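The file data11.tsv comes next; it holds TSV, C-alpha atoms.
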chain	number	residue	atom	x	y	z
A	111	MET	CA	113.52	1.95	-37.76
A	112	ASP	CA	116.16	-0.52	-36.73
A	113	VAL	CA	114.76	-4.03	-36.18
A	114	SER	CA	116.47	-4.53	-32.82
A	115	GLU	CA	115.03	-1.20	-31.70
A	116	THR	CA	111.50	-2.41	-32.52
A	117	ILE	CA	112.06	-5.67	-30.65
A	118	LYS	CA	113.32	-3.74	-27.64
A	119	GLN	CA	110.22	-1.57	-27.59
A	120	THR	CA	107.88	-4.51	-27.97
A	121	LYS	CA	109.65	-6.28	-25.13
A	122	GLN	CA	109.19	-3.26	-22.88
A	123	GLN	CA	105.51	-3.13	-23.72
A	124	VAL	CA	104.86	-6.76	-22.91
A	125	VAL	CA	106.84	-6.65	-19.69
A	126	LEU	CA	104.96	-3.59	-18.52
A	127	SER	CA	101.53	-4.96	-19.36
A	128	PRO	CA	99.60	-5.48	-16.14
A	129	ASN	CA	98.86	-8.96	-14.89
A	130	ARG	CA	95.24	-8.62	-13.82
A	131	ASP	CA	94.62	-12.21	-12.83
A	132	PHE	CA	97.38	-12.22	-10.29
A	133	GLU	CA	95.03	-11.95	-7.31
A	134	VAL	CA	92.74	-14.68	-8.52
A	135	ARG	CA	95.59	-17.08	-9.07
A	136	SER	CA	97.39	-16.27	-5.86
A	137	LEU	CA	94.36	-17.55	-3.95
A	138	ASP	CA	94.54	-20.81	-5.70
A	139	ALA	CA	97.66	-21.83	-7.50
A	140	VAL	CA	100.85	-23.19	-6.01
A	141	CYS	CA	102.95	-21.04	-8.28
A	142	ILE	CA	101.71	-17.70	-9.56
A	143	ASN	CA	103.80	-17.73	-12.63
A	144	GLU	CA	101.54	-16.68	-15.39
A	145	SER	CA	103.56	-15.62	-18.37
A	146	GLU	CA	103.45	-11.89	-18.96
A	147	LEU	CA	104.36	-12.29	-22.57
A	148	LYS	CA	101.48	-11.99	-24.99
A	149	HIS	CA	101.58	-14.77	-27.51
A	150	PRO	CA	99.12	-15.76	-30.22
A	151	TRP	CA	96.67	-18.31	-28.84
A	152	TRP	CA	98.11	-21.16	-30.88
A	153	TYR	CA	101.31	-20.94	-28.87
A	154	ASN	CA	99.29	-22.85	-26.29
A	155	PHE	CA	99.26	-25.91	-28.52
A	156	LYS	CA	102.52	-27.07	-27.03
A	157	TYR	CA	100.54	-27.77	-23.84
A	158	LEU	CA	98.23	-30.02	-25.84
A	159	VAL	CA	101.33	-32.03	-26.79
A	160	ALA	CA	102.55	-32.05	-23.18
A	161	GLY	CA	99.12	-33.24	-22.05
A	162	LEU	CA	99.13	-35.92	-24.72
A	163	LEU	CA	102.46	-37.29	-23.44
A	164	PHE	CA	101.17	-37.10	-19.87
A	165	GLY	CA	98.06	-39.03	-20.91
A	166	ILE	CA	100.20	-41.81	-22.41
A	167	ILE	CA	102.29	-42.02	-19.22
A	168	LEU	CA	99.19	-42.12	-16.99
A	169	VAL	CA	97.72	-45.06	-18.91
A	170	LYS	CA	100.95	-47.02	-19.34
A	171	ALA	CA	101.86	-46.60	-15.67
A	172	GLU	CA	98.38	-47.90	-14.70
A	173	VAL	CA	98.14	-45.10	-12.15
A	174	ILE	CA	94.67	-44.31	-13.47
A	175	SER	CA	93.53	-47.86	-12.79
A	176	TRP	CA	90.77	-48.11	-10.20
A	177	PHE	CA	92.37	-51.40	-9.11
A	178	ARG	CA	95.79	-49.82	-8.50
A	179	ILE	CA	94.17	-47.11	-6.38
A	180	GLN	CA	92.40	-49.76	-4.29
A	181	GLU	CA	95.72	-51.60	-3.81
A	182	MET	CA	97.35	-48.36	-2.71
A	183	PHE	CA	94.71	-47.63	-0.08
A	184	ARG	CA	94.99	-51.20	1.24
A	185	LEU	CA	98.80	-51.14	1.30
A	186	GLN	CA	98.79	-54.14	-1.02
A	187	SER	CA	101.23	-52.83	-3.59
A	188	PHE	CA	104.26	-50.58	-3.76
A	189	HIS	CA	103.52	-49.45	-7.32
A	190	MET	CA	101.62	-46.21	-6.62
A	191	TYR	CA	103.98	-45.21	-3.82
A	192	GLY	CA	106.93	-45.83	-6.12
A	193	VAL	CA	105.38	-43.70	-8.88
A	194	MET	CA	104.42	-40.82	-6.57
A	195	GLY	CA	107.70	-40.94	-4.64
A	196	SER	CA	109.96	-40.97	-7.69
A	197	ALA	CA	107.81	-38.28	-9.37
A	198	VAL	CA	108.22	-35.99	-6.35
A	199	VAL	CA	111.97	-36.66	-6.14
A	200	THR	CA	112.37	-35.87	-9.86
A	201	GLY	CA	110.19	-32.76	-9.54
A	202	ALA	CA	112.02	-31.55	-6.44
A	203	ILE	CA	115.45	-31.97	-8.05
A	204	SER	CA	114.16	-30.11	-11.13
A	205	VAL	CA	112.80	-27.21	-9.06
A	206	TRP	CA	116.03	-27.08	-7.07
A	207	LEU	CA	118.13	-26.96	-10.24
A	208	ILE	CA	115.87	-24.31	-11.81
A	209	LYS	CA	116.34	-22.15	-8.71
A	210	LYS	CA	120.06	-22.87	-8.38
A	211	TRP	CA	120.97	-22.15	-12.00
A	212	LYS	CA	118.25	-19.50	-12.43
A	213	ILE	CA	117.01	-21.32	-15.51
A	214	LYS	CA	114.69	-19.24	-17.69
A	215	THR	CA	111.78	-20.22	-19.88
A	216	ILE	CA	112.33	-20.82	-23.59
A	217	TYR	CA	111.16	-17.20	-24.06
A	218	GLY	CA	113.80	-15.88	-21.66
A	219	GLU	CA	111.45	-15.07	-18.76
A	220	PRO	CA	112.63	-15.85	-15.25
A	221	ILE	CA	110.79	-18.78	-13.64
A	222	ARG	CA	109.01	-17.73	-10.46
A	223	PHE	CA	107.62	-19.73	-7.58
A	224	ALA	CA	105.21	-18.51	-4.93
A	225	SER	CA	104.88	-20.13	-1.57
A	226	LYS	CA	101.50	-21.41	-0.58
A	227	LYS	CA	99.72	-20.36	2.57
A	228	PHE	CA	98.14	-22.96	4.79
A	229	ASN	CA	94.40	-22.85	5.32
A	230	LYS	CA	92.02	-25.35	6.90
A	231	GLY	CA	90.69	-26.18	3.45
A	232	ASN	CA	93.90	-28.10	2.81
A	233	ILE	CA	92.71	-30.58	5.46
A	234	TYR	CA	88.89	-30.55	5.03
A	235	GLY	CA	89.04	-30.39	1.25
A	236	GLY	CA	91.87	-32.90	1.20
A	237	LEU	CA	89.85	-35.42	3.19
A	238	LEU	CA	86.79	-34.95	0.95
A	239	PHE	CA	88.90	-35.39	-2.16
A	240	GLY	CA	90.43	-38.53	-0.60
A	241	PHE	CA	86.92	-39.95	-0.09
A	242	GLY	CA	86.12	-39.33	-3.76
A	243	TRP	CA	89.49	-40.65	-4.91
A	244	ALA	CA	88.89	-44.03	-3.24
A	245	MET	CA	85.38	-44.23	-4.73
A	246	THR	CA	86.07	-43.21	-8.31
A	247	GLY	CA	89.66	-44.47	-8.38
A	248	ALA	CA	90.58	-41.21	-10.06
A	249	CYS	CA	91.85	-37.76	-9.35
A	250	PRO	CA	91.09	-35.03	-11.90
A	251	GLY	CA	93.86	-35.92	-14.41
A	252	PRO	CA	92.94	-39.61	-14.50
A	253	LEU	CA	89.26	-38.70	-15.03
A	254	PHE	CA	90.22	-37.20	-18.38
A	255	ALA	CA	92.47	-40.18	-19.14
A	256	GLN	CA	89.78	-42.74	-18.27
A	257	ILE	CA	87.40	-41.03	-20.69
A	258	GLY	CA	90.09	-41.22	-23.37
A	259	THR	CA	90.47	-44.96	-22.84
A	260	GLY	CA	86.82	-45.39	-23.77
A	261	ALA	CA	85.14	-45.56	-20.36
A	262	THR	CA	82.47	-43.14	-21.56
A	263	VAL	CA	80.41	-43.24	-18.36
A	264	ILE	CA	83.29	-41.41	-16.65
A	265	ILE	CA	82.00	-38.32	-18.52
A	266	ILE	CA	79.28	-38.32	-15.84
A	267	THR	CA	81.94	-38.51	-13.10
A	268	LEU	CA	83.70	-35.55	-14.73
A	269	LEU	CA	80.46	-33.56	-14.96
A	270	SER	CA	79.84	-34.32	-11.27
A	271	ALA	CA	83.35	-33.12	-10.47
A	272	ILE	CA	82.67	-29.88	-12.36
A	273	ALA	CA	79.40	-29.55	-10.40
A	274	GLY	CA	81.41	-30.11	-7.19
A	275	THR	CA	83.88	-27.40	-8.16
A	276	TRP	CA	81.01	-25.02	-8.96
A	277	THR	CA	79.34	-25.78	-5.62
A	278	TYR	CA	82.60	-25.03	-3.84
A	279	GLY	CA	82.82	-21.68	-5.64
A	280	TYR	CA	79.21	-20.95	-4.63
A	281	LEU	CA	79.71	-21.83	-0.95
A	282	ARG	CA	83.27	-20.58	-0.65
A	283	GLU	CA	82.53	-17.62	1.64
A	284	LYS	CA	80.59	-19.80	4.08
A	285	LEU	CA	83.17	-22.59	4.38
A	286	PRO	CA	85.88	-22.59	7.06
A	287	HIS	CA	89.31	-21.84	5.63
B	56	MET	CA	110.73	-58.43	-28.74
B	57	SER	CA	109.80	-55.63	-31.09
B	58	PHE	CA	109.65	-52.00	-29.98
B	59	ILE	CA	105.86	-52.06	-30.08
B	60	ASP	CA	105.73	-55.17	-27.87
B	61	TRP	CA	108.17	-53.55	-25.50
B	62	ILE	CA	106.23	-50.31	-25.20
B	63	ARG	CA	102.94	-52.18	-24.81
B	64	GLN	CA	103.93	-53.64	-21.46
B	65	PRO	CA	102.81	-51.74	-18.38
B	66	TRP	CA	105.60	-49.37	-17.37
B	67	PRO	CA	107.26	-49.99	-13.99
B	68	TRP	CA	107.11	-47.27	-11.34
B	69	TYR	CA	110.78	-46.29	-11.74
B	70	ILE	CA	110.10	-45.36	-15.39
B	71	ALA	CA	106.66	-43.78	-14.99
B	72	GLY	CA	107.36	-41.83	-11.78
B	73	PRO	CA	110.36	-39.84	-13.06
B	74	LEU	CA	108.52	-39.17	-16.35
B	75	ILE	CA	105.56	-37.75	-14.39
B	76	GLY	CA	107.98	-35.70	-12.27
B	77	LEU	CA	109.52	-34.28	-15.45
B	78	MET	CA	106.18	-32.65	-16.29
B	79	VAL	CA	107.06	-30.07	-13.61
B	80	PRO	CA	110.18	-28.62	-15.31
B	81	VAL	CA	108.72	-29.13	-18.81
B	82	LEU	CA	105.73	-26.90	-18.01
B	83	LEU	CA	107.84	-24.36	-16.12
B	84	ILE	CA	110.43	-24.06	-18.87
B	85	THR	CA	108.01	-23.98	-21.80
B	86	GLY	CA	106.08	-21.07	-20.36
B	87	ASN	CA	106.16	-20.61	-16.58
B	88	LYS	CA	103.19	-22.90	-15.99
B	89	ALA	CA	102.60	-24.65	-12.68
B	90	PHE	CA	101.71	-28.32	-13.05
B	91	GLY	CA	98.15	-28.73	-11.80
B	92	ILE	CA	95.09	-30.30	-13.29
B	93	SER	CA	92.13	-29.69	-10.99
B	94	SER	CA	92.21	-25.97	-11.87
B	95	SER	CA	90.91	-27.00	-15.29
B	96	LEU	CA	87.57	-27.81	-13.61
B	97	ARG	CA	87.45	-24.27	-12.25
B	98	HIS	CA	88.24	-22.81	-15.67
B	99	ILE	CA	85.41	-24.87	-17.16
B	100	CYS	CA	83.04	-23.38	-14.54
B	101	ALA	CA	84.35	-19.88	-15.25
B	102	ALA	CA	83.89	-20.41	-18.98
B	103	CYS	CA	80.48	-22.09	-18.93
B	104	LEU	CA	78.59	-21.02	-15.82
B	105	PRO	CA	80.29	-18.22	-13.88
B	106	ALA	CA	76.87	-17.12	-12.49
B	107	ASN	CA	78.45	-13.94	-11.14
B	108	ILE	CA	80.22	-15.93	-8.41
B	109	PRO	CA	83.42	-14.05	-7.49
B	110	TYR	CA	85.42	-17.29	-7.51
B	111	PHE	CA	84.63	-17.74	-11.20
B	112	ARG	CA	84.91	-14.09	-12.26
B	113	TYR	CA	88.30	-14.00	-13.93
B	114	ASN	CA	89.58	-14.18	-17.44
B	115	TRP	CA	89.65	-17.94	-18.01
B	116	LYS	CA	91.03	-17.38	-21.49
B	117	ASN	CA	94.40	-16.62	-19.89
B	118	GLU	CA	94.37	-20.17	-18.54
B	119	ILE	CA	93.50	-21.84	-21.81
B	120	TRP	CA	96.79	-23.75	-21.74
B	121	ASN	CA	95.37	-25.78	-18.84
B	122	LEU	CA	92.30	-26.78	-20.86
B	123	LEU	CA	94.48	-27.77	-23.81
B	124	PHE	CA	96.64	-29.81	-21.43
B	125	VAL	CA	93.65	-31.84	-20.22
B	126	ALA	CA	92.39	-32.21	-23.81
B	127	GLY	CA	95.84	-33.64	-24.53
B	128	ILE	CA	95.39	-36.16	-21.72
B	129	VAL	CA	92.17	-37.43	-23.33
B	130	ILE	CA	93.88	-37.77	-26.74
B	131	GLY	CA	97.00	-39.37	-25.23
B	132	ALA	CA	94.93	-41.95	-23.38
B	133	PHE	CA	92.97	-42.68	-26.56
B	134	ILE	CA	96.17	-43.17	-28.59
B	135	THR	CA	97.60	-45.48	-25.92
B	136	ILE	CA	94.54	-47.72	-25.91
B	137	GLN	CA	94.40	-47.81	-29.72
B	138	PHE	CA	98.06	-48.45	-30.44
B	139	PHE	CA	100.09	-49.39	-27.36
B	140	ASN	CA	97.53	-51.22	-25.30
B	141	ASP	CA	98.57	-54.15	-23.15
B	142	PRO	CA	96.03	-56.88	-23.98
B	143	ASN	CA	96.54	-58.61	-20.62
B	144	PRO	CA	94.36	-57.76	-17.62
B	145	VAL	CA	95.96	-55.66	-14.89
B	146	GLN	CA	97.93	-57.79	-12.41
B	147	VAL	CA	96.69	-57.02	-8.91
B	148	ASN	CA	97.53	-58.32	-5.48
B	149	PRO	CA	95.67	-61.66	-5.00
B	150	ARG	CA	94.24	-60.38	-1.73
B	151	LEU	CA	92.50	-57.54	-3.57
B	152	ALA	CA	91.21	-59.96	-6.20
B	153	THR	CA	89.78	-62.22	-3.48
B	154	GLU	CA	88.09	-59.28	-1.80
B	155	LEU	CA	86.61	-57.87	-5.00
B	156	GLN	CA	85.41	-61.32	-6.10
B	157	ARG	CA	82.98	-61.25	-3.18
B	158	TYR	CA	81.30	-58.22	-4.74
B	159	GLY	CA	81.17	-59.80	-8.20
B	160	ILE	CA	84.05	-57.80	-9.64
B	161	LEU	CA	85.90	-60.15	-11.98
B	162	ASP	CA	86.69	-58.05	-15.07
B	163	TYR	CA	90.26	-56.70	-14.92
B	164	ARG	CA	90.59	-55.75	-18.58
B	165	GLY	CA	89.69	-52.09	-18.29
B	166	LEU	CA	91.14	-49.32	-16.17
B	167	VAL	CA	87.89	-49.20	-14.23
B	168	PRO	CA	85.92	-52.35	-13.35
B	169	ALA	CA	83.27	-52.75	-16.04
B	170	GLU	CA	80.85	-54.19	-13.45
B	171	LEU	CA	80.78	-50.91	-11.50
B	172	PHE	CA	81.34	-48.19	-14.07
B	173	ASN	CA	78.90	-48.58	-16.95
B	174	TRP	CA	75.88	-46.65	-18.19
B	175	ASN	CA	73.38	-49.11	-16.72
B	176	SER	CA	74.89	-49.02	-13.24
B	177	LEU	CA	74.37	-45.26	-13.29
B	178	PHE	CA	70.74	-45.96	-12.41
B	179	THR	CA	71.55	-48.13	-9.39
B	180	ALA	CA	72.32	-46.89	-5.88
B	181	LYS	CA	75.84	-48.31	-6.07
B	182	GLY	CA	76.58	-46.69	-9.43
B	183	MET	CA	75.12	-43.35	-8.38
B	184	LEU	CA	77.25	-43.28	-5.26
B	185	LEU	CA	80.48	-44.24	-7.02
B	186	ILE	CA	80.04	-42.25	-10.22
B	187	ILE	CA	78.02	-39.18	-9.21
B	188	ALA	CA	78.78	-38.72	-5.50
B	189	GLY	CA	82.40	-39.82	-5.98
B	190	GLY	CA	82.91	-37.38	-8.82
B	191	PHE	CA	81.28	-34.56	-6.85
B	192	LEU	CA	83.65	-35.17	-3.92
B	193	VAL	CA	86.65	-35.11	-6.25
B	194	GLY	CA	85.63	-31.75	-7.72
B	195	PHE	CA	84.55	-30.15	-4.44
B	196	GLY	CA	87.44	-31.54	-2.40
B	197	THR	CA	90.25	-30.65	-4.78
B	198	ARG	CA	89.12	-27.04	-5.06
B	199	TYR	CA	88.55	-26.74	-1.30
B	200	ALA	CA	92.03	-28.18	-0.75
B	201	GLY	CA	93.46	-25.82	-3.40
B	202	GLY	CA	94.82	-28.57	-5.62
B	203	CYS	CA	94.90	-32.26	-6.37
B	204	THR	CA	97.49	-34.96	-6.71
B	205	SER	CA	99.30	-33.04	-9.44
B	206	GLY	CA	99.11	-29.52	-7.97
B	207	HIS	CA	99.75	-30.45	-4.34
B	208	ALA	CA	101.36	-33.89	-4.21
B	209	ILE	CA	103.70	-33.39	-7.18
B	210	MET	CA	104.10	-29.65	-7.89
B	211	GLY	CA	103.64	-28.51	-4.28
B	212	LEU	CA	105.87	-31.15	-2.72
B	213	SER	CA	108.51	-30.58	-5.43
B	214	ASN	CA	108.56	-26.94	-4.31
B	215	LEU	CA	108.74	-28.09	-0.64
B	216	GLN	CA	105.46	-26.49	0.39
B	217	LEU	CA	104.21	-27.52	3.84
B	218	PRO	CA	100.51	-26.86	2.99
B	219	SER	CA	100.90	-29.30	0.10
B	220	LEU	CA	102.29	-31.94	2.45
B	221	ILE	CA	99.33	-31.43	4.78
B	222	ALA	CA	96.91	-31.63	1.84
B	223	THR	CA	98.59	-34.78	0.49
B	224	ALA	CA	98.43	-36.43	3.92
B	225	SER	CA	94.71	-35.52	4.03
B	226	PHE	CA	94.09	-37.03	0.56
B	227	MET	CA	95.69	-40.26	1.72
B	228	ALA	CA	93.84	-40.30	5.05
B	229	GLY	CA	90.52	-39.76	3.28
B	230	GLY	CA	91.29	-42.50	0.79
B	231	PHE	CA	92.31	-44.99	3.47
B	232	ILE	CA	89.11	-44.34	5.43
B	233	VAL	CA	86.75	-44.77	2.49
B	234	ALA	CA	88.55	-47.64	0.75
B	235	ASN	CA	88.72	-49.75	3.91
B	236	LEU	CA	85.72	-48.71	5.98
B	237	VAL	CA	83.06	-47.35	3.60
B	238	LEU	CA	83.62	-48.88	0.17
B	239	PRO	CA	82.82	-52.47	1.32
B	240	TYR	CA	79.31	-51.28	2.27
B	241	ILE	CA	78.84	-49.47	-1.05
B	242	LEU	CA	80.01	-52.51	-3.04
B	243	LYS	CA	77.56	-54.71	-1.13
B	244	LEU	CA	74.60	-52.64	-2.37
Full structure transcribed into structure tokens:
Amino acid sequence: MDVSETIKQTKQQVVLSPNRDFEVRSLDAVCINESELKHPWWYNFKYLVAGLLFGIILVKAEVISWFRIQEMFRLQSFHMYGVMGSAVVTGAISVWLIKKWKIKTIYGEPIRFASKKFNKGNIYGGLLFGFGWAMTGACPGPLFAQIGTGATVIIITLLSAIAGTWTYGYLREKLPH
Amino acid sequence: MSFIDWIRQPWPWYIAGPLIGLMVPVLLITGNKAFGISSSLRHICAACLPANIPYFRYNWKNEIWNLLFVAGIVIGAFITIQFFNDPNPVQVNPRLATELQRYGILDYRGLVPAELFNWNSLFTAKGMLLIIAGGFLVGFGTRYAGGCTSGHAIMGLSNLQLPSLIATASFMAGGFIVANLVLPYILKL
């Protein structure tokens, strides 16, 4: 059989394969853009590299420093606001350009965005996370980075955060949303 | 100044911020992934202890990229400390230094104050509150809010989502309340 014919058939198969986790992710993620292509698992290693670069940036920018977080919440430094503000501007321009030029992924899939629905959890959960952020000086990404820098006791903070996530999953139906 | 010396300095916000923002298109273009880190905690629950809870009953293996991403963060932070570490203590606002001095916090070498976050302090009331209760609030709050600083404040705001703006404002409000009104009492313990 012709090679291009085989590729065409394979493409049809992967595109038609059902996306069963769609509902789960739509409850939770900002963008429900799980790739529908089936790749070998080691294709995911590029995200390890992306995470590695992100880890370097987090440490060098000092945004994972407990002290910088305290400065931010006391309005004593512009640093964190500058980082967050310029990150959002860069991200927003990128998203705008992706939409405008209909940029595709490196595998040729269209990039999709889903809008997020408001629920009261955005406020209640947001406040609770803010409490924890000021105490630990870390949001989830920085927790991983702090462990990498050798602050081994932060493993306990991370385990507590996992316990918190589990407790949320357990109580989810009873909480106001 | 050699390249190594140059890269060892702390990066200013106008370098670090845009680089963080670029994670959004990088993840979208490499495979349609939405930048967000707190979901990794949910995938860990789903993988290790789903306990038949509907919220954790999904195929976490489809989200393995997210777990590799956070593993990358750990490795990246390790590499930075080993090879590109700035030997100088973090330069903070003198007003913060004066305030923290009152609670015996004088060590600015690490990313977290060594006086508060160490294995021995874990068995004190102060350490338990900061490490265990603080961590619990981070995990519970981010999932309740549907995202954290990366998913809401960066990815969500980049996509101009109003719920993300509300969530981000709530993160900041919560942080301001605890840092200014509650933390002084915890540090006094």
Within 10 Å of B:Met183, counting all atoms listed in the file, which residues show up once you throw out same-chain ones fewer than 5 positions away? Write them as a ChimeraX atom specification, please. /A:266-267 /B:171-172,176-178,188-190
Could I get the residues of chain A with an atom no further than 6 Å from an atom of chain B, each paired with its nearest atom pair and that distance in Å to one decimal, using all atoms listed in the file, sorted by chain and residue number, as CSV?
residue,atom,partner,partner_atom,distance
A:Asp138,CA,B:Gly201,CA,5.6
A:Cys141,CA,B:Ala89,CA,5.7
A:Asn143,CA,B:Asn87,CA,5.4
A:Ser145,CA,B:Asn87,CA,5.9
A:Asn154,CA,B:Trp120,CA,5.3
A:Tyr157,CA,B:Phe124,CA,5.0
A:Leu158,CA,B:Gly127,CA,4.5
A:Gly161,CA,B:Gly127,CA,4.1
A:Leu162,CA,B:Gly127,CA,4.0
A:Gly165,CA,B:Ile128,CA,4.0
A:Ile166,CA,B:Gly131,CA,4.9
A:Lys170,CA,B:Pro65,CA,5.2
A:Ala171,CA,B:Trp66,CA,5.0
A:Ser175,CA,B:Leu166,CA,4.4
A:Trp176,CA,B:Val167,CA,5.1
A:Phe183,CA,B:Phe231,CA,5.0
A:His189,CA,B:Trp68,CA,5.8
A:Gly192,CA,B:Trp68,CA,5.4
A:Val193,CA,B:Gly72,CA,4.0
A:Ser196,CA,B:Gly72,CA,4.9
A:Ala197,CA,B:Gly76,CA,3.9
A:Val198,CA,B:Ile209,CA,5.3
A:Thr200,CA,B:Gly76,CA,5.0
A:Gly201,CA,B:Gly76,CA,4.6
A:Ala202,CA,B:Ser213,CA,3.8
A:Ser204,CA,B:Pro80,CA,6.0
A:Thr215,CA,B:Ile84,CA,4.2
A:Ile216,CA,B:Thr85,CA,5.6
A:Ile221,CA,B:Asn87,CA,5.8
A:Phe228,CA,B:Pro218,CA,4.9
A:Gly231,CA,B:Ala200,CA,4.8
A:Asn232,CA,B:Ala200,CA,4.0
A:Ile233,CA,B:Ser225,CA,5.5
A:Gly235,CA,B:Gly196,CA,4.1
A:Gly236,CA,B:Phe226,CA,4.7
A:Leu237,CA,B:Gly229,CA,4.4
A:Leu238,CA,B:Gly196,CA,4.8
A:Phe239,CA,B:Gly196,CA,4.1
A:Gly240,CA,B:Gly229,CA,4.1
A:Phe241,CA,B:Gly229,CA,4.9
A:Gly242,CA,B:Gly189,CA,4.4
A:Ala244,CA,B:Gly230,CA,4.9
A:Met245,CA,B:Leu185,CA,5.4
A:Thr246,CA,B:Gly189,CA,5.5
A:Pro250,CA,B:Ser93,CA,5.5
A:Gly251,CA,B:Ile92,CA,5.9
A:Phe254,CA,B:Val129,CA,5.3
A:Ala255,CA,B:Val129,CA,5.0
A:Gly258,CA,B:Val129,CA,4.3
A:Thr259,CA,B:Phe133,CA,5.0
A:Val263,CA,B:Trp174,CA,5.7
A:Thr267,CA,B:Gly190,CA,4.5
A:Ser270,CA,B:Phe191,CA,4.7
A:Ala271,CA,B:Gly194,CA,3.8
A:Ile272,CA,B:Leu96,CA,5.5
A:Gly274,CA,B:Phe195,CA,4.2
A:Thr275,CA,B:Phe195,CA,4.7
A:Tyr278,CA,B:Phe195,CA,5.5
A:Gly279,CA,B:Tyr110,CA,5.4
Would you compute the distance between atom CA of B:Tyr158 and atom CA of A:Val169? Give it in Å to one decimal.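 One can read the atom CA of B:Tyr158 to atom CA of A:Val169 distance as 25.4 Å.
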Which distance in Å separates atom CA of A:Arg178 and atom CA of A:Met190, to one decimal?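 Straight-line distance from atom CA of A:Arg178 to atom CA of A:Met190 works out to 7.1 Å.
Pairwise distance (atom CA of A:Lys226, atom CA of A:Ile208) equals 18.5 Å.
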